[in-house]
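S.K.: Next up, final.txt (compact mmCIF, C-alpha atoms and all ligand atoms).
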# COMPACT_ATOMS: atom_id res chain seq x y z
CA MET A 1 -4.65 -13.26 7.85
CA THR A 2 -6.95 -12.32 5.00
CA GLU A 3 -5.39 -12.07 1.59
CA GLN A 4 -5.71 -8.95 -0.52
CA ALA A 5 -7.70 -9.52 -3.68
CA LEU A 6 -6.99 -5.98 -4.91
CA LYS A 7 -4.28 -3.54 -3.98
CA ALA A 8 -3.45 -0.12 -5.41
CA ARG A 9 -0.56 2.04 -4.19
CA GLY A 10 0.04 5.55 -5.45
CA VAL A 11 -1.80 4.85 -8.68
CA ARG A 12 -1.81 7.72 -11.16
CA ARG A 13 -3.32 7.92 -14.62
CA THR A 14 -3.33 10.95 -16.89
CA PHE A 15 -5.08 11.12 -20.26
CA GLU A 16 -3.84 13.40 -23.00
CA ALA A 17 -6.56 15.75 -24.21
CA ASP A 18 -6.76 18.69 -26.65
CA LEU A 19 -6.77 21.49 -24.09
CA ALA A 20 -4.96 20.12 -21.07
CA PRO A 21 -4.08 16.64 -19.78
CA VAL A 22 -6.82 15.05 -17.67
CA ARG A 23 -5.48 13.73 -14.39
CA ALA A 24 -8.03 10.95 -13.92
CA LEU A 25 -6.22 9.27 -10.99
CA ARG A 26 -4.01 11.37 -8.72
CA GLY A 27 -2.53 8.86 -6.30
CA VAL A 28 -4.99 6.14 -5.33
CA ASP A 29 -4.34 3.74 -2.46
CA LEU A 30 -6.91 0.99 -2.00
CA ASP A 31 -7.00 -2.51 -0.52
CA VAL A 32 -9.83 -4.95 -1.01
CA ALA A 33 -9.59 -8.16 1.01
CA ASP A 34 -10.66 -11.57 -0.25
CA GLY A 35 -14.41 -11.96 0.07
CA GLU A 36 -15.30 -8.27 0.36
CA PHE A 37 -18.14 -6.67 -1.62
CA VAL A 38 -17.10 -3.06 -2.18
CA ALA A 39 -19.22 -0.33 -3.77
CA LEU A 40 -17.19 2.44 -5.43
CA MET A 41 -19.07 5.74 -5.63
CA GLY A 42 -18.37 9.35 -6.57
CA PRO A 43 -19.35 12.07 -9.03
CA SER A 44 -19.14 11.60 -12.78
CA GLY A 45 -15.57 11.96 -14.02
CA CYS A 46 -13.91 11.32 -10.63
CA GLY A 47 -12.01 8.29 -11.96
CA LYS A 48 -14.11 5.27 -10.94
CA SER A 49 -14.08 3.55 -14.34
CA THR A 50 -10.41 4.39 -14.83
CA LEU A 51 -9.53 2.67 -11.55
CA LEU A 52 -11.75 -0.34 -12.33
CA ASN A 53 -10.24 -0.67 -15.82
CA ILE A 54 -6.73 -0.63 -14.36
CA PHE A 55 -7.61 -3.45 -11.93
CA ALA A 56 -9.20 -5.27 -14.90
CA GLY A 57 -6.02 -5.00 -16.98
CA LEU A 58 -7.94 -3.04 -19.63
CA ASP A 59 -5.91 0.10 -19.00
CA GLN A 60 -2.57 0.74 -17.34
CA ALA A 61 -1.44 3.04 -14.56
CA ASP A 62 1.23 5.61 -15.44
CA GLU A 63 2.64 5.34 -11.94
CA GLY A 64 2.08 3.21 -8.88
CA GLU A 65 1.64 -0.42 -7.95
CA VAL A 66 -1.39 -2.55 -8.88
CA MET A 67 -1.86 -6.06 -7.49
CA VAL A 68 -4.77 -8.37 -8.29
CA ASP A 69 -5.12 -11.87 -6.86
CA GLY A 70 -1.51 -11.67 -5.69
CA LEU A 71 -0.21 -10.77 -9.16
CA ARG A 72 1.62 -7.61 -10.14
CA VAL A 73 -0.49 -6.10 -12.96
CA ASP A 74 1.29 -2.79 -13.59
CA GLY A 75 4.01 -2.76 -16.23
CA GLN A 76 2.84 -5.94 -17.99
CA ASP A 77 2.53 -6.27 -21.77
CA GLU A 78 -0.75 -6.78 -23.66
CA ASN A 79 -0.16 -10.50 -24.12
CA TRP A 80 0.19 -11.03 -20.38
CA LEU A 81 -2.81 -8.80 -19.67
CA ALA A 82 -5.04 -10.75 -22.09
CA LYS A 83 -4.29 -13.98 -20.21
CA PHE A 84 -4.69 -12.22 -16.88
CA ARG A 85 -8.14 -10.91 -17.87
CA ARG A 86 -9.22 -14.38 -18.94
CA HIS A 87 -8.25 -16.14 -15.72
CA HIS A 88 -8.15 -13.76 -12.79
CA VAL A 89 -10.91 -11.19 -13.20
CA GLY A 90 -14.52 -11.21 -14.34
CA ILE A 91 -15.64 -7.95 -15.90
CA VAL A 92 -19.22 -6.68 -16.14
CA PHE A 93 -20.23 -3.43 -17.86
CA GLN A 94 -23.32 -1.27 -17.87
CA PHE A 95 -24.26 -2.29 -21.42
CA PHE A 96 -23.62 -6.04 -21.13
CA ASN A 97 -21.14 -6.42 -24.08
CA LEU A 98 -22.57 -9.80 -25.10
CA LEU A 99 -21.98 -11.66 -28.38
CA GLU A 100 -25.24 -10.80 -30.11
CA GLY A 101 -25.58 -13.54 -32.73
CA VAL A 102 -24.68 -16.34 -30.36
CA SER A 103 -26.79 -18.40 -27.90
CA ALA A 104 -26.81 -17.68 -24.17
CA LEU A 105 -25.01 -20.98 -23.64
CA ASP A 106 -22.21 -20.11 -26.08
CA ASN A 107 -21.89 -16.59 -24.68
CA ILE A 108 -20.71 -18.29 -21.50
CA ALA A 109 -19.01 -21.38 -22.91
CA LEU A 110 -16.82 -19.57 -25.48
CA PRO A 111 -14.75 -17.59 -22.96
CA ALA A 112 -14.25 -20.81 -21.00
CA ILE A 113 -13.02 -22.58 -24.15
CA LEU A 114 -10.70 -19.64 -24.85
CA GLY A 115 -9.53 -20.07 -21.26
CA GLY A 116 -8.46 -23.63 -22.09
CA MET A 117 -11.51 -25.66 -21.05
CA ARG A 118 -12.75 -28.50 -23.29
CA ARG A 119 -16.04 -27.78 -25.06
CA LYS A 120 -17.99 -30.43 -23.14
CA ALA A 121 -16.78 -29.20 -19.74
CA ALA A 122 -17.34 -25.57 -20.78
CA GLU A 123 -20.93 -26.30 -21.80
CA THR A 124 -21.60 -28.13 -18.55
CA ARG A 125 -20.21 -25.21 -16.58
CA ALA A 126 -22.24 -22.77 -18.70
CA ARG A 127 -25.44 -24.73 -18.02
CA ASP A 128 -24.69 -24.81 -14.28
CA LEU A 129 -24.16 -21.03 -14.26
CA LEU A 130 -27.32 -20.36 -16.28
CA ASP A 131 -29.27 -22.49 -13.77
CA LEU A 132 -27.67 -20.69 -10.85
CA LEU A 133 -28.56 -17.30 -12.36
CA GLY A 134 -32.14 -18.26 -13.17
CA LEU A 135 -31.64 -18.56 -16.94
CA GLY A 136 -31.69 -22.34 -17.14
CA ASP A 137 -34.60 -22.30 -19.61
CA ARG A 138 -33.01 -19.72 -21.94
CA THR A 139 -29.84 -21.57 -22.96
CA GLU A 140 -30.57 -21.49 -26.71
CA GLU A 141 -31.86 -17.91 -26.88
CA VAL A 142 -29.77 -15.11 -28.38
CA PRO A 143 -29.22 -12.05 -26.15
CA SER A 144 -31.50 -9.75 -28.20
CA VAL A 145 -34.65 -11.61 -27.09
CA LEU A 146 -33.76 -11.37 -23.40
CA SER A 147 -34.78 -8.55 -21.05
CA GLY A 148 -32.17 -6.09 -19.77
CA GLY A 149 -32.02 -7.86 -16.41
CA GLN A 150 -31.67 -11.26 -18.07
CA ARG A 151 -28.92 -9.94 -20.33
CA GLN A 152 -27.04 -8.58 -17.37
CA ARG A 153 -27.36 -11.92 -15.58
CA LEU A 154 -25.98 -13.56 -18.71
CA ALA A 155 -23.07 -11.11 -18.72
CA ILE A 156 -22.43 -11.94 -15.05
CA ALA A 157 -22.52 -15.67 -15.80
CA ARG A 158 -19.96 -15.09 -18.54
CA ALA A 159 -17.78 -13.08 -16.17
CA LEU A 160 -17.85 -15.94 -13.64
CA VAL A 161 -17.14 -18.81 -16.02
CA ASN A 162 -13.40 -18.98 -15.41
CA GLU A 163 -13.86 -18.64 -11.61
CA PRO A 164 -12.23 -15.21 -11.31
CA ALA A 165 -10.70 -14.10 -8.03
CA VAL A 166 -12.51 -10.79 -8.38
CA LEU A 167 -15.69 -9.68 -10.09
CA LEU A 168 -15.29 -6.10 -11.38
CA ALA A 169 -18.55 -4.41 -12.32
CA ASP A 170 -18.92 -0.90 -13.76
CA GLU A 171 -22.46 0.39 -13.10
CA PRO A 172 -23.99 -3.08 -13.61
CA THR A 173 -27.46 -1.77 -12.74
CA GLY A 174 -27.06 1.55 -14.62
CA ALA A 175 -29.03 0.50 -17.71
CA LEU A 176 -31.77 -1.39 -15.84
CA ASP A 177 -35.11 -0.33 -14.37
CA SER A 178 -35.31 -0.42 -10.58
CA GLU A 179 -36.73 -3.94 -10.52
CA GLY A 180 -33.91 -5.20 -12.76
CA GLY A 181 -31.42 -3.34 -10.59
CA VAL A 182 -32.69 -4.96 -7.40
CA GLU A 183 -32.46 -8.36 -9.07
CA ILE A 184 -28.79 -7.84 -9.99
CA LEU A 185 -27.97 -6.49 -6.54
CA GLU A 186 -29.57 -9.55 -4.92
CA LEU A 187 -27.53 -11.76 -7.22
CA PHE A 188 -24.32 -9.94 -6.21
CA ARG A 189 -25.24 -10.34 -2.55
CA ARG A 190 -25.75 -14.06 -3.07
CA LEU A 191 -22.40 -14.39 -4.87
CA HIS A 192 -20.76 -12.39 -2.07
CA GLY A 193 -22.39 -14.75 0.45
CA ASP A 194 -20.71 -17.63 -1.38
CA GLY A 195 -17.34 -15.88 -0.97
CA GLN A 196 -17.02 -14.00 -4.28
CA THR A 197 -14.93 -10.81 -4.04
CA ILE A 198 -16.70 -7.94 -5.82
CA LEU A 199 -15.76 -4.36 -6.70
CA MET A 200 -18.81 -2.56 -8.10
CA VAL A 201 -19.03 1.01 -9.36
CA THR A 202 -22.45 2.54 -8.81
CA HIS A 203 -24.18 5.92 -8.73
CA SER A 204 -27.05 4.53 -6.68
CA ALA A 205 -26.94 4.89 -2.89
CA GLU A 206 -29.60 2.21 -2.74
CA VAL A 207 -27.44 -0.24 -4.68
CA ALA A 208 -24.32 0.72 -2.68
CA ALA A 209 -26.20 0.02 0.55
CA GLY A 210 -26.27 -3.64 -0.48
CA ALA A 211 -22.48 -3.85 -0.48
CA SER A 212 -20.40 -4.67 2.60
CA ARG A 213 -18.22 -1.57 2.26
CA VAL A 214 -18.53 1.78 0.51
CA VAL A 215 -15.54 3.68 -0.90
CA ARG A 216 -16.00 7.20 -2.28
CA MET A 217 -13.79 8.95 -4.79
CA ARG A 218 -13.49 12.57 -5.82
CA ASP A 219 -11.14 14.26 -8.29
CA GLY A 220 -9.03 11.17 -8.85
CA ARG A 221 -8.55 10.32 -5.18
CA ILE A 222 -10.18 8.20 -2.49
CA LEU A 223 -12.20 10.65 -0.44
CA ASP A 224 -13.83 8.37 2.07
CA ASP A 225 -13.83 4.68 2.95
CA ASP A 226 -16.25 3.29 5.52
CA GLY A 227 -14.01 0.22 5.83
CA GLY A 228 -17.16 -1.87 6.05
CA VAL A 229 -17.91 -0.66 9.57
CA ALA A 230 -19.35 2.86 9.36
CA ARG A 231 -22.76 1.66 8.28
CA VAL A 232 -22.96 -0.82 11.13
CA GLU A 233 -22.10 1.99 13.54
CA ALA A 234 -24.67 4.21 11.87
CA ASP A 235 -27.28 1.48 12.31
CA ASP A 236 -26.34 1.22 15.99
CA ALA A 237 -26.66 4.98 16.34
CA VAL A 238 -30.12 4.86 14.83
CA MET A 239 -31.08 2.09 17.22
CA VAL A 240 -29.82 4.11 20.19
CA GLU A 241 -31.73 7.13 18.96
CA ASP A 242 -34.86 5.05 18.46
CA ALA A 243 -34.53 3.74 22.00
CA ARG A 244 -34.81 7.25 23.43
CA PRO A 245 -38.16 8.13 24.98
N1 LIG Q 301 -9.62 7.20 -22.74
C1 LIG Q 301 -9.72 8.43 -22.25
N2 LIG Q 301 -9.20 9.48 -22.90
C2 LIG Q 301 -9.26 10.73 -22.40
N3 LIG Q 301 -9.84 11.03 -21.23
C3 LIG Q 301 -10.38 10.04 -20.53
C4 LIG Q 301 -10.36 8.68 -20.99
N4 LIG Q 301 -10.97 7.90 -20.07
C5 LIG Q 301 -11.37 8.72 -19.09
N5 LIG Q 301 -11.01 10.00 -19.36
C6 LIG Q 301 -11.25 11.16 -18.47
O1 LIG Q 301 -10.78 10.83 -17.17
C7 LIG Q 301 -11.67 11.32 -16.17
C8 LIG Q 301 -12.17 10.14 -15.34
O2 LIG Q 301 -13.00 9.35 -16.15
P1 LIG Q 301 -13.76 8.06 -15.61
O3 LIG Q 301 -14.39 7.42 -16.79
O4 LIG Q 301 -12.83 7.23 -14.81
O5 LIG Q 301 -14.86 8.70 -14.64
P2 LIG Q 301 -16.05 8.01 -13.85
O6 LIG Q 301 -15.87 8.33 -12.43
O7 LIG Q 301 -16.14 6.58 -14.25
O8 LIG Q 301 -17.32 8.81 -14.40
P3 LIG Q 301 -18.82 8.31 -14.73
O9 LIG Q 301 -19.50 8.23 -13.40
O10 LIG Q 301 -19.36 9.41 -15.58
O11 LIG Q 301 -18.72 7.01 -15.45
C9 LIG Q 301 -12.76 12.06 -16.91
O12 LIG Q 301 -12.45 13.42 -16.92
C10 LIG Q 301 -12.71 11.47 -18.31
O13 LIG Q 301 -13.15 12.40 -19.26
MG MG Q 302 -17.53 5.46 -15.31
What would the structure in this file look like if it were written as structure tokens?
M.R.:
Amino acid sequence: MTEQALKARGVRRTFEADLAPVRALRGVDLDVADGEFVALMGPSGCGKSTLLNIFAGLDQADEGEVMVDGLRVDGQDENWLAKFRRHHVGIVFQFFNLLEGVSALDNIALPAILGGMRRKAAETRARDLLDLLGLGDRTEEVPSVLSGGQRQRLAIARALVNEPAVLLADEPTGALDSEGGVEILELFRRLHGDGQTILMVTHSAEVAAGASRVVRMRDGRILDDDGGVARVEADDAVMVEDARP
């Protein structure tokens, strides 16, 4: 039996606003199995980031059950959530959120040290990750001299340093040109190939096509979920069509 890396049941989240409350999530059920690479799509404002932030322990559901890596995340206090974020999830944003005055190596090593790793081991792990992500020759550079694609790879390396069960990425290619976007997508596909579970929000159909499953949201609900099979069937259908005289 495959384990569930992510599970949401009846998740609701409402934000207070001046005019009327915004019902960002209106009862979301979602399961992501270990090793899946899921693209989360849907129109602006439909609740994608809200759902991702709840799985990340950055925000909390008002109602419903949230499980990540076998742990109950809903109803926990901030102290618990801070530890949870450090050890169980890796979080990647559109605009990198790197430590600007600090070397590439330390950008990765510091969260590992905060996670309880000794400096020496953390630096070794950081070097390994930088090599793996093609930044092995940029260890001493500060983020501001790196390209957008390189910065995002650095942010991904940082997210992976504590070997998270799930990589959660909110529009990781959104701030990059198409070449940079392709590079990040290929990296995600490689990580997925090595068994990394990934939930990635994207507006790009091209980027989503690189995932193993596409889930669509609308108005705070899951609208459509190809379960990882619809595209294969679609490909078959195209092949059948192509085979016609
Ligand atoms: N902290 C907040 N306070 C008030 N309203 C919020 C907050 N966060 C999100 N919202 C509202 O909740 C709804 C869902 O927002 P969310 O950021 O999840 O959308 P999204 O699908 O990620 O959109 P986008 O594609 O534009 O990033 C929106 O109407 C948004 O304005
Ligand atoms: Mg968003």
S.K.: If you count only C-alpha atoms, which residues fall within 12 Å of Val22 of chain A, apart from same-chain ones fewer than 2 positions away, as a ChimeraX atom specification?
M.R.: /A:12-20,24-26,45-47,50,219-220
S.K.: Do you know which residues lie at most 12 Å from (-23.7, -20.8, -15.8), with coordinates as in the file and all atoms listed in the file counted, and could you write them as number ranges by chain?
M.R.: A: 104-112, 121-139, 153-163
S.K.: What residues of the protein or nucleic acid chains come within 10 Å of ligand MG 302 (chain Q) when you use all atoms listed in the file? Reply as a PyMOL selection string.
M.R.: chain A and resi 41-53+93-94+170-171+201-203
S.K.: When you draw a straight line from atom CA of Ser204 of chain A to atom CA of Gly174 of chain A, how long is it in Å?
M.R.: 8.5 Å
S.K.: Here is a test: counting all atoms listed in the file, which residue of A:Arg190, A:Ala209, A:Arg85, A:Phe96 is nearest to Gln150 of chain A?
M.R.: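 Counting all atoms listed in the file, the residue closest to Gln150 of chain A is A:Phe96.
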S.K.: Considering all atoms listed in the file, state which residue in the set A:Val38, A:Ile54, A:Ile113, A:Val166 is at the smallest distance from ligand LIG 301 (chain Q).
M.R.: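 For ligand LIG 301 (chain Q), the nearest of the given residues is A:Ile54.
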S.K.: Can you tell me how far atom CA of Asp74 of chain A sits from atom CA of Leu191 of chain A, in Å to one decimal?
M.R.: 27.8 Å
S.K.: Would you mind reading off the distance between atom CA of Gly180 of chain A and atom CA of His192 of chain A, one decimal, in Å?
M.R.: 18.4 Å
S.K.: Would you pick out the contacts of Val66 of chain A at 10 Å or less, using only C-alpha atoms, so that residues sharing its chain but fewer than 6 positions from it are not included, and give the list as a ChimeraX atom specification?
M.R.: /A:6-11,29-30,54-55,57,60,72-75
S.K.: Counting all atoms listed in the file, figure out which residue out of A:Gly148, A:Pro21, A:Gly101, A:Gly35 gets nearest to ligand LIG 301 (chain Q).
M.R.: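 Looking at the shortest contact to ligand LIG 301 (chain Q), the residue is A:Pro21.
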S.K.: Which residue is closest to Arg86 of chain A? Choose from A:Leu146, A:Val32, A:Leu176, A:Leu167 and count only C-alpha atoms.
M.R.: A:Leu167
S.K.: Of the candidates A:His87, A:Asn97, A:Ala169, A:Val214, which one gets nearest to ligand LIG 301 (chain Q) if we count all atoms listed in the file?
M.R.: A:Ala169
S.K.: So, counting only C-alpha atoms and all ligand atoms, which residue among A:Glu206, A:Leu114, A:Met200, A:Arg218 is closest to ligand LIG 301 (chain Q)?
M.R.: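 Under the stated criterion, the closest residue is A:Arg218.
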S.K.: Do you know which residues are at most 9 Å from Gly210 of chain A counting only C-alpha atoms, after dropping those on the same chain fewer than 2 positions away, and could you put them as a list in words?
M.R.: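 The residues satisfying every condition are Phe37, Ala39, Leu185, Glu186, Phe188, Arg189, Ala205, Glu206, Val207, Ala208, Ser212 and Arg213 of chain A.
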S.K.: Could those selected residues go to a file with C-alpha atoms, as a PDB file, in the frame of the given file?
M.R.:
ATOM      1  CA  PHE A  37     -18.140  -6.670  -1.620  1.00  0.00           C
ATOM      2  CA  ALA A  39     -19.220  -0.330  -3.770  1.00  0.00           C
ATOM      3  CA  LEU A 185     -27.970  -6.490  -6.540  1.00  0.00           C
ATOM      4  CA  GLU A 186     -29.570  -9.550  -4.920  1.00  0.00           C
ATOM      5  CA  PHE A 188     -24.320  -9.940  -6.210  1.00  0.00           C
ATOM      6  CA  ARG A 189     -25.240 -10.340  -2.550  1.00  0.00           C
ATOM      7  CA  ALA A 205     -26.940   4.890  -2.890  1.00  0.00           C
ATOM      8  CA  GLU A 206     -29.600   2.210  -2.740  1.00  0.00           C
ATOM      9  CA  VAL A 207     -27.440  -0.240  -4.680  1.00  0.00           C
ATOM     10  CA  ALA A 208     -24.320   0.720  -2.680  1.00  0.00           C
ATOM     11  CA  SER A 212     -20.400  -4.670   2.600  1.00  0.00           C
ATOM     12  CA  ARG A 213     -18.220  -1.570   2.260  1.00  0.00           C
TER      13      ARG A 213
END
